[in-house]
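Visitor: The following file, data-v5.cif, comprises mmCIF, C-alpha atoms:
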data_entry
loop_
_atom_site.label_atom_id
_atom_site.label_comp_id
_atom_site.auth_asym_id
_atom_site.auth_seq_id
_atom_site.Cartn_x
_atom_site.Cartn_y
_atom_site.Cartn_z
CA MET A 1 0.00 0.00 0.00
CA ALA A 2 1.20 3.51 -0.76
CA ALA A 3 1.70 6.05 1.99
CA ILE A 4 1.05 9.68 1.18
CA ILE A 5 4.27 11.17 -0.18
CA VAL A 6 5.53 14.35 1.41
CA ILE A 7 8.32 16.87 1.19
CA ALA A 8 9.15 19.81 3.40
CA PHE A 9 8.72 23.25 1.88
CA SER A 10 7.91 26.87 2.51
CA PHE A 11 5.85 29.17 0.33
CA ILE A 12 4.30 32.57 0.09
CA GLY A 13 0.87 32.59 1.70
CA CYS A 14 -2.24 33.98 0.01
CA ASP A 15 -2.01 37.06 2.23
CA GLY A 16 1.54 37.75 1.01
CA GLY A 17 3.29 36.51 4.15
CA ILE A 18 5.77 33.69 4.43
CA ALA A 19 3.87 30.52 5.33
CA SER A 20 5.05 28.19 8.08
CA THR A 21 6.23 24.76 7.04
CA GLY A 22 4.48 23.40 10.16
CA GLU A 23 3.90 19.81 11.12
CA GLY A 24 1.31 19.53 8.39
CA THR A 25 4.05 18.50 6.00
CA SER A 26 4.27 15.14 7.80
CA ALA A 27 2.83 12.26 5.78
CA VAL A 28 -0.49 10.74 6.82
CA ASP A 29 -0.06 6.96 6.76
CA LEU A 30 -3.41 5.22 6.21
CA GLY A 31 -2.01 1.81 7.10
CA SER A 32 -4.28 -1.04 6.04
CA ALA A 33 -7.19 1.39 5.62
CA ALA A 34 -5.56 2.13 2.25
CA ASN A 35 -6.80 -1.28 1.09
CA TYR A 36 -10.30 0.23 0.79
CA VAL A 37 -11.79 3.04 -1.25
CA ILE A 38 -14.75 3.15 1.17
CA LEU A 39 -14.46 2.20 4.84
CA ALA A 40 -17.03 2.85 7.57
CA LYS A 41 -18.10 1.59 10.98
CA THR A 42 -21.90 1.65 11.10
CA GLY A 43 -23.17 1.41 7.52
CA VAL A 44 -22.60 1.95 3.81
CA SER A 45 -25.63 2.54 1.59
CA THR A 46 -26.21 3.21 -2.08
CA ALA A 47 -29.20 4.41 -4.07
CA PRO A 48 -28.54 2.55 -7.32
CA THR A 49 -26.85 2.81 -9.52
CA SER A 50 -23.53 3.92 -8.03
CA ALA A 51 -20.13 3.05 -9.49
CA ILE A 52 -17.32 2.26 -7.05
CA THR A 53 -13.78 1.33 -8.06
CA GLY A 54 -11.99 -0.37 -5.17
CA HIS A 55 -12.93 -2.38 -2.08
CA VAL A 56 -15.69 -1.47 0.39
CA GLY A 57 -15.24 -2.32 4.08
CA LEU A 58 -17.61 -2.18 7.05
CA SER A 59 -16.85 -2.95 10.70
CA PRO A 60 -17.99 -3.56 13.39
CA ALA A 61 -21.39 -3.52 11.65
CA ALA A 62 -22.56 -6.65 9.88
CA GLU A 63 -23.25 -7.23 6.18
CA THR A 64 -26.92 -6.33 6.60
CA TYR A 65 -25.73 -2.71 6.95
CA LEU A 66 -24.32 -2.79 3.40
CA THR A 67 -27.58 -1.70 1.77
CA GLY A 68 -28.64 -1.06 -1.82
CA PHE A 69 -25.79 -3.06 -3.35
CA SER A 70 -27.82 -6.23 -4.10
CA GLN A 71 -24.58 -8.03 -3.34
CA THR A 72 -23.91 -11.73 -3.77
CA ASP A 73 -21.82 -13.56 -1.18
CA VAL A 74 -18.95 -15.66 -2.47
CA PRO A 75 -19.01 -18.78 -0.23
CA ALA A 76 -16.09 -19.10 2.18
CA SER A 77 -14.29 -16.19 0.53
CA GLY A 78 -14.92 -13.60 3.21
CA TYR A 79 -16.37 -11.11 0.74
CA ALA A 80 -19.35 -10.31 -1.47
CA ILE A 81 -19.59 -8.89 -4.97
CA SER A 82 -21.90 -6.33 -6.56
CA THR A 83 -22.41 -4.97 -10.07
CA GLN A 84 -21.95 -1.50 -8.54
CA VAL A 85 -18.48 -2.29 -7.19
CA ALA A 86 -15.33 -3.02 -9.19
CA GLY A 87 -13.84 -4.72 -6.17
CA HIS A 88 -15.14 -6.65 -3.16
CA LEU A 89 -17.46 -5.82 -0.29
CA TYR A 90 -16.30 -6.83 3.19
CA ALA A 91 -18.19 -6.80 6.49
CA ALA A 92 -17.40 -7.80 10.06
CA ASP A 93 -19.51 -10.97 10.05
CA MET A 94 -17.97 -12.52 6.93
CA ALA A 95 -15.60 -15.49 6.86
CA SER A 96 -12.09 -15.30 8.30
CA PRO A 97 -9.73 -13.50 7.91
CA THR A 98 -12.09 -10.63 7.00
CA PRO A 99 -13.18 -9.75 10.58
CA SER A 100 -9.61 -9.36 11.86
CA ASN A 101 -8.50 -7.54 8.71
CA LEU A 102 -11.32 -5.05 9.13
CA THR A 103 -10.61 -4.53 12.82
CA THR A 104 -7.05 -3.58 11.92
CA ALA A 105 -8.17 -1.32 9.06
CA ILE A 106 -10.65 0.54 11.29
CA ALA A 107 -7.96 1.05 13.93
CA ASP A 108 -5.57 2.33 11.26
CA MET A 109 -8.26 4.70 9.97
CA GLU A 110 -8.77 6.13 13.46
CA THR A 111 -5.02 6.47 13.96
CA ALA A 112 -4.71 8.32 10.66
CA TYR A 113 -7.55 10.64 11.66
CA ASP A 114 -5.89 11.43 15.00
CA PHE A 115 -2.55 11.98 13.29
CA ALA A 116 -4.02 14.40 10.75
CA ALA A 117 -6.05 16.20 13.45
CA GLY A 118 -2.99 16.51 15.65
CA ARG A 119 -0.82 18.45 13.17
CA THR A 120 0.07 21.89 14.52
CA LEU A 121 1.42 25.19 13.22
CA PRO A 122 -1.02 25.61 10.31
CA ASP A 123 0.09 27.54 7.27
CA LYS A 124 -3.41 29.02 7.08
CA LEU A 125 -5.80 29.40 10.03
CA ASN A 126 -9.51 30.03 9.31
CA LEU A 127 -8.83 31.09 5.72
CA LEU A 128 -11.75 33.27 4.56
CA SER A 129 -13.75 31.96 7.55
CA GLY A 130 -14.26 28.72 5.63
CA ALA A 131 -15.89 30.26 2.53
CA ILE A 132 -13.11 29.14 0.19
CA GLY A 133 -14.98 28.94 -3.13
CA GLY A 134 -12.95 30.27 -6.05
CA GLN A 135 -9.61 29.90 -4.25
CA THR A 136 -6.37 28.29 -5.39
CA LEU A 137 -4.91 26.27 -2.51
CA THR A 138 -1.17 25.70 -2.47
CA PRO A 139 0.51 22.90 -0.45
CA GLY A 140 0.50 22.97 3.33
CA LEU A 141 -1.56 22.62 6.48
CA TYR A 142 -4.89 24.47 6.66
CA LYS A 143 -7.09 24.62 9.74
CA TRP A 144 -10.61 25.88 10.32
CA THR A 145 -12.24 26.06 13.74
CA SER A 146 -15.58 26.32 11.94
CA SER A 147 -17.30 24.64 9.02
CA VAL A 148 -16.04 24.94 5.44
CA ASN A 149 -18.43 25.76 2.59
CA ILE A 150 -17.30 25.51 -1.02
CA THR A 151 -19.83 27.22 -3.27
CA SER A 152 -17.70 27.66 -6.40
CA ALA A 153 -14.83 25.70 -7.93
CA ILE A 154 -11.54 25.52 -6.06
CA THR A 155 -8.13 24.64 -7.49
CA ILE A 156 -5.58 22.59 -5.57
CA SER A 157 -2.25 23.43 -7.17
CA GLY A 158 1.19 21.99 -6.58
CA SER A 159 3.34 19.07 -7.61
CA ALA A 160 2.91 15.31 -7.49
CA THR A 161 5.05 15.15 -4.33
CA ASP A 162 3.35 17.96 -2.41
CA THR A 163 0.93 17.34 0.46
CA TRP A 164 -2.20 19.11 1.66
CA ILE A 165 -3.88 18.56 5.02
CA PHE A 166 -7.19 20.34 5.60
CA GLN A 167 -8.35 20.26 9.23
CA VAL A 168 -12.04 21.12 9.61
CA ASP A 169 -13.51 21.31 13.11
CA GLY A 170 -17.07 21.64 11.76
CA ASP A 171 -18.78 20.32 8.63
CA LEU A 172 -17.48 20.25 5.07
CA ASP A 173 -20.01 21.10 2.34
CA LEU A 174 -19.31 21.05 -1.40
CA ALA A 175 -22.16 22.78 -3.22
CA SER A 176 -24.07 21.22 -6.09
CA ALA A 177 -22.39 21.41 -9.51
CA THR A 178 -19.14 22.56 -7.88
CA ASN A 179 -15.78 21.03 -8.75
CA MET A 180 -12.41 20.56 -7.13
CA ILE A 181 -9.73 20.97 -9.81
CA LEU A 182 -6.22 19.56 -9.44
CA VAL A 183 -3.23 21.21 -11.09
CA GLY A 184 -0.16 19.02 -10.65
CA ALA A 185 -1.49 17.62 -7.36
CA LEU A 186 -2.45 13.99 -6.75
CA PRO A 187 -5.65 13.12 -4.84
CA GLU A 188 -3.86 10.59 -2.64
CA ASN A 189 -1.73 13.46 -1.27
CA ILE A 190 -4.75 15.55 -0.23
CA VAL A 191 -6.29 14.79 3.18
CA TRP A 192 -9.56 16.29 4.42
CA GLN A 193 -9.79 15.65 8.18
CA VAL A 194 -13.35 16.59 9.16
CA ALA A 195 -14.80 16.43 12.67
CA GLY A 196 -18.38 17.01 11.49
CA THR A 197 -20.24 15.72 8.46
CA VAL A 198 -19.16 15.76 4.81
CA THR A 199 -21.71 16.51 2.08
CA MET A 200 -20.98 16.47 -1.65
CA GLY A 201 -23.79 18.17 -3.53
CA THR A 202 -25.61 16.99 -6.62
CA THR A 203 -23.29 16.63 -9.66
CA SER A 204 -20.33 17.98 -7.69
CA HIS A 205 -16.80 16.58 -8.01
CA PHE A 206 -14.47 16.01 -5.04
CA GLU A 207 -10.75 15.15 -4.86
CA GLY A 208 -8.77 13.67 -1.97
CA VAL A 209 -8.84 11.36 1.03
CA VAL A 210 -11.70 12.03 3.46
CA LEU A 211 -11.02 11.15 7.10
CA CYS A 212 -14.38 11.90 8.70
CA LYS A 213 -15.28 11.61 12.38
CA THR A 214 -18.98 11.23 11.57
CA ASN A 215 -20.86 10.58 8.32
CA VAL A 216 -20.42 11.25 4.61
CA ALA A 217 -23.18 11.84 2.04
CA MET A 218 -22.64 11.92 -1.72
CA LEU A 219 -25.78 13.32 -3.33
CA ALA A 220 -27.20 12.42 -6.74
CA ASN A 221 -24.65 11.99 -9.52
CA SER A 222 -21.77 13.38 -7.49
CA THR A 223 -18.30 12.03 -8.23
CA MET A 224 -15.00 11.82 -6.42
CA LYS A 225 -11.46 10.53 -6.87
CA GLY A 226 -9.98 9.56 -3.55
CA ARG A 227 -11.14 7.59 -0.50
CA LEU A 228 -14.04 7.85 1.93
CA LEU A 229 -13.02 6.76 5.44
CA ALA A 230 -15.74 7.50 7.98
CA GLN A 231 -16.17 6.65 11.65
CA THR A 232 -19.95 6.32 11.30
CA SER A 233 -21.78 5.89 7.97
CA ILE A 234 -21.44 6.64 4.26
CA ALA A 235 -24.42 7.20 1.97
CA LEU A 236 -24.15 7.24 -1.84
CA ASN A 237 -26.86 8.36 -4.24
CA GLN A 238 -26.03 7.26 -7.79
CA ALA A 239 -22.50 8.37 -7.00
CA THR A 240 -19.13 7.56 -8.54
CA VAL A 241 -16.14 6.85 -6.30
CA THR A 242 -12.78 6.08 -7.89
CA MET A 243 -9.72 4.96 -5.93
CA PRO A 244 -6.65 7.12 -6.62
#
Once more with this new file: its structure as structure tokens, please.
Guide:
Amino acid sequence: MAAIIVIAFSFIGCDGGIASTGEGTSAVDLGSAANYVILAKTGVSTAPTSAITGHVGLSPAAETYLTGFSQTDVPASGYAISTQVAGHLYAADMASPTPSNLTTAIADMETAYDFAAGRTLPDKLNLLSGAIGGQTLTPGLYKWTSSVNITSAITISGSATDTWIFQVDGDLDLASATNMILVGALPENIVWQVAGTVTMGTTSHFEGVVLCKTNVAMLANSTMKGRLLAQTSIALNQATVTMP
């Protein structure tokens, strides 16, 4: 599995000042959680037809909390398959070694969340009070003590070895028909650590790894390239999720 690549750097902040390199330049290691494009604790649902590339994991909840997938169990394999998933579906009550693998992955997800949340010395603190639509975001550590609302396209610009960590103490909302655009950046190097809920509006497009303390909702025909790792539930509505 690939850890998020990182280099140390300094840059000119959007307000013209020299930005701190901070601890945000430390890599966020997802551990075995990186084996999944979607990983949750209490439930994963889809309103068909969604399209998921990568594995789906759920623990400690049982397979009955994987809803809307019309999945078919593969006997003794420890996984199920679905026409909506180019990968496997795993749940805590499936055959060994799936339960222990999922327990480890969930623990790794929580460790990654704590690591990302614990980075200090942000390059930007409460940038635009969380209303960051229309902005170009350069590499570094960003922190908001409020919610973040993205109502127009944002650009995440850097190189393939740069890292972004976005710490959000509230909710993260991407408005309908709003895109995240990458210039040089890779989605696997972009981490959104969100204490509240994450909502991706209808026909929106999202980029990056979501480490969410609560739940994630992808509304109708929304798309993303990255990972959804939530400590409660994930709900998809005819959504597209592609592993980076």
Visitor: Which is closest to Gly184 in chain A among A:Leu229, A:Ala160, A:Leu121, A:Met243, if we use all atoms listed in the file?
Guide: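 Among A:Leu229, A:Ala160, A:Leu121, A:Met243, it is A:Ala160 that comes nearest to Gly184 in chain A.
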Visitor: Determine the nearest neighbour of Thr64 in chain A from the options A:Met109, A:Val241, A:Leu228, A:Ala91, counting all atoms listed in the file.
Guide: A:Ala91
Visitor: Expressed in Å to a single decimal, how great is the separation between CA of Ala131 in chain A and CA of Asn149 in chain A?
Guide: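 Taking CA of Ala131 in chain A as the start and CA of Asn149 in chain A as the end point, the length is 5.2 Å.
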Visitor: The PyMOL selection byres ((chain A and resi 133-148) around 7) on the file shown: which residues, as JSON, numbers by chain?
Guide: {"A": [24, 25, 122, 123, 124, 125, 126, 130, 131, 132, 149, 150, 151, 152, 153, 154, 155, 156, 157, 158, 162, 163, 164, 165, 166, 167, 168, 169, 170, 171, 172, 173]}
Visitor: Which residue out of A:Thr232, A:Ser70, A:Ser176, A:Asn221 has the minimum interatomic distance to Thr199 in chain A when only C-alpha atoms are used?
Guide: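 Under the stated criterion, the closest residue is A:Ser176.
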Visitor: Counting all atoms listed in the file, give me one row per residue of range 64-84 of chain A with an atom at most 10 Å from an atom of range 37-56 of chain A, showing the shortest contact pair and its distance in Å to one decimal, sorted by chain then residue number, as a tab-separated table.
Guide:
residue	atom	partner	partner_atom	distance
A:Thr64	CA	A:Gly43	CA	8.6
A:Tyr65	CA	A:Gly43	CA	4.9
A:Leu66	CA	A:Val44	CA	5.1
A:Thr67	CA	A:Ser45	CA	4.7
A:Gly68	CA	A:Thr46	CA	4.9
A:Phe69	CA	A:Thr46	CA	6.4
A:Ser70	CA	A:Pro48	CA	9.4
A:Tyr79	CA	A:Val56	CA	9.7
A:Ala80	CA	A:Val56	CA	9.7
A:Ile81	CA	A:His55	CA	9.8
A:Ser82	CA	A:Ile52	CA	9.7
A:Thr83	CA	A:Ala51	CA	8.4
A:Gln84	CA	A:Ala51	CA	5.0
Visitor: Applying 9 Å and all atoms listed in the file, which residues near Thr202 in chain A remain after dropping the ones on its own chain fewer than 5 positions away? List them as a CSV table (one decimal) with C-alpha atoms, in the frame of the given file.
Guide:
chain,number,residue,atom,x,y,z
A,175,ALA,CA,-22.2,22.8,-3.2
A,176,SER,CA,-24.1,21.2,-6.1
A,177,ALA,CA,-22.4,21.4,-9.5
A,178,THR,CA,-19.1,22.6,-7.9
A,218,MET,CA,-22.6,11.9,-1.7
A,219,LEU,CA,-25.8,13.3,-3.3
A,220,ALA,CA,-27.2,12.4,-6.7
A,221,ASN,CA,-24.6,12.0,-9.5
A,222,SER,CA,-21.8,13.4,-7.5
A,223,THR,CA,-18.3,12.0,-8.2
Visitor: Can you measure CA of Met224 in chain A to CA of Asp29 in chain A for me? One decimal in Å is fine.
Guide: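 Calculated distance between CA of Met224 in chain A and CA of Asp29 in chain A is 20.5 Å.
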Visitor: Counting only C-alpha atoms, which residue out of A:Asn215, A:Thr98, A:Asn35, A:Asn189 sits closest to Gly78 in chain A?
Guide: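 Using only C-alpha atoms, the shortest distance to Gly78 in chain A belongs to A:Thr98.
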Visitor: With 10 Å as the threshold, what does the neighbourhood of (-18.9, -11.2, 9.9) contain in terms of residues, counting all atoms listed in the file? Coordinates are those of the file; answer as a ChimeraX atom specification.
Guide: /A:58-64,78-79,90-100,102
Visitor: Of the candidates A:Leu211, A:Gln71, A:Val183, A:Met200, which shows the shortest atom-to-atom distance to Leu30 in chain A, using all atoms listed in the file?
Guide: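 Closest to Leu30 in chain A of all the choices is A:Leu211.
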Visitor: Record the distance separating CA of Ala195 in chain A and CA of Gln231 in chain A, expressed in Å with one decimal.
Guide: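 Going from CA of Ala195 in chain A over to CA of Gln231 in chain A covers 9.9 Å.
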Visitor: Which of these, A:Leu127, A:Glu207, A:Thr214, A:Ser233, has the shortest distance to Leu182 in chain A once you count all atoms listed in the file?
Guide: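 The closest residue to Leu182 in chain A is A:Glu207.
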Visitor: Could you list, as a count of residues only, every residue matched by the PyMOL selection byres ((chain A and resi 226) around 6) in this structure?
Guide: 8
Visitor: To verify the selection step, state as a PDB file with C-alpha atoms, in the frame of the given file which residues the PyMOL selection byres ((chain A and resi 116) around 8) yields on this input.
Guide:
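As written to disk, expr06.pdb reads:
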ATOM      1  CA  GLY A  24       1.310  19.530   8.390  1.00  0.00           C
ATOM      2  CA  VAL A  28      -0.490  10.740   6.820  1.00  0.00           C
ATOM      3  CA  ALA A 112      -4.710   8.320  10.660  1.00  0.00           C
ATOM      4  CA  TYR A 113      -7.550  10.640  11.660  1.00  0.00           C
ATOM      5  CA  ASP A 114      -5.890  11.430  15.000  1.00  0.00           C
ATOM      6  CA  PHE A 115      -2.550  11.980  13.290  1.00  0.00           C
ATOM      7  CA  ALA A 117      -6.050  16.200  13.450  1.00  0.00           C
ATOM      8  CA  GLY A 118      -2.990  16.510  15.650  1.00  0.00           C
ATOM      9  CA  ARG A 119      -0.820  18.450  13.170  1.00  0.00           C
ATOM     10  CA  ILE A 165      -3.880  18.560   5.020  1.00  0.00           C
ATOM     11  CA  GLN A 167      -8.350  20.260   9.230  1.00  0.00           C
ATOM     12  CA  VAL A 191      -6.290  14.790   3.180  1.00  0.00           C
ATOM     13  CA  GLN A 193      -9.790  15.650   8.180  1.00  0.00           C
TER      14      GLN A 193
END
Visitor: Would you mind listing what lies within 9 Å of Ala217 in chain A as a PyMOL selection string, with all atoms listed in the file counted and same-chain residues fewer than 3 positions away left out?
Guide: chain A and resi 197-201+233-237
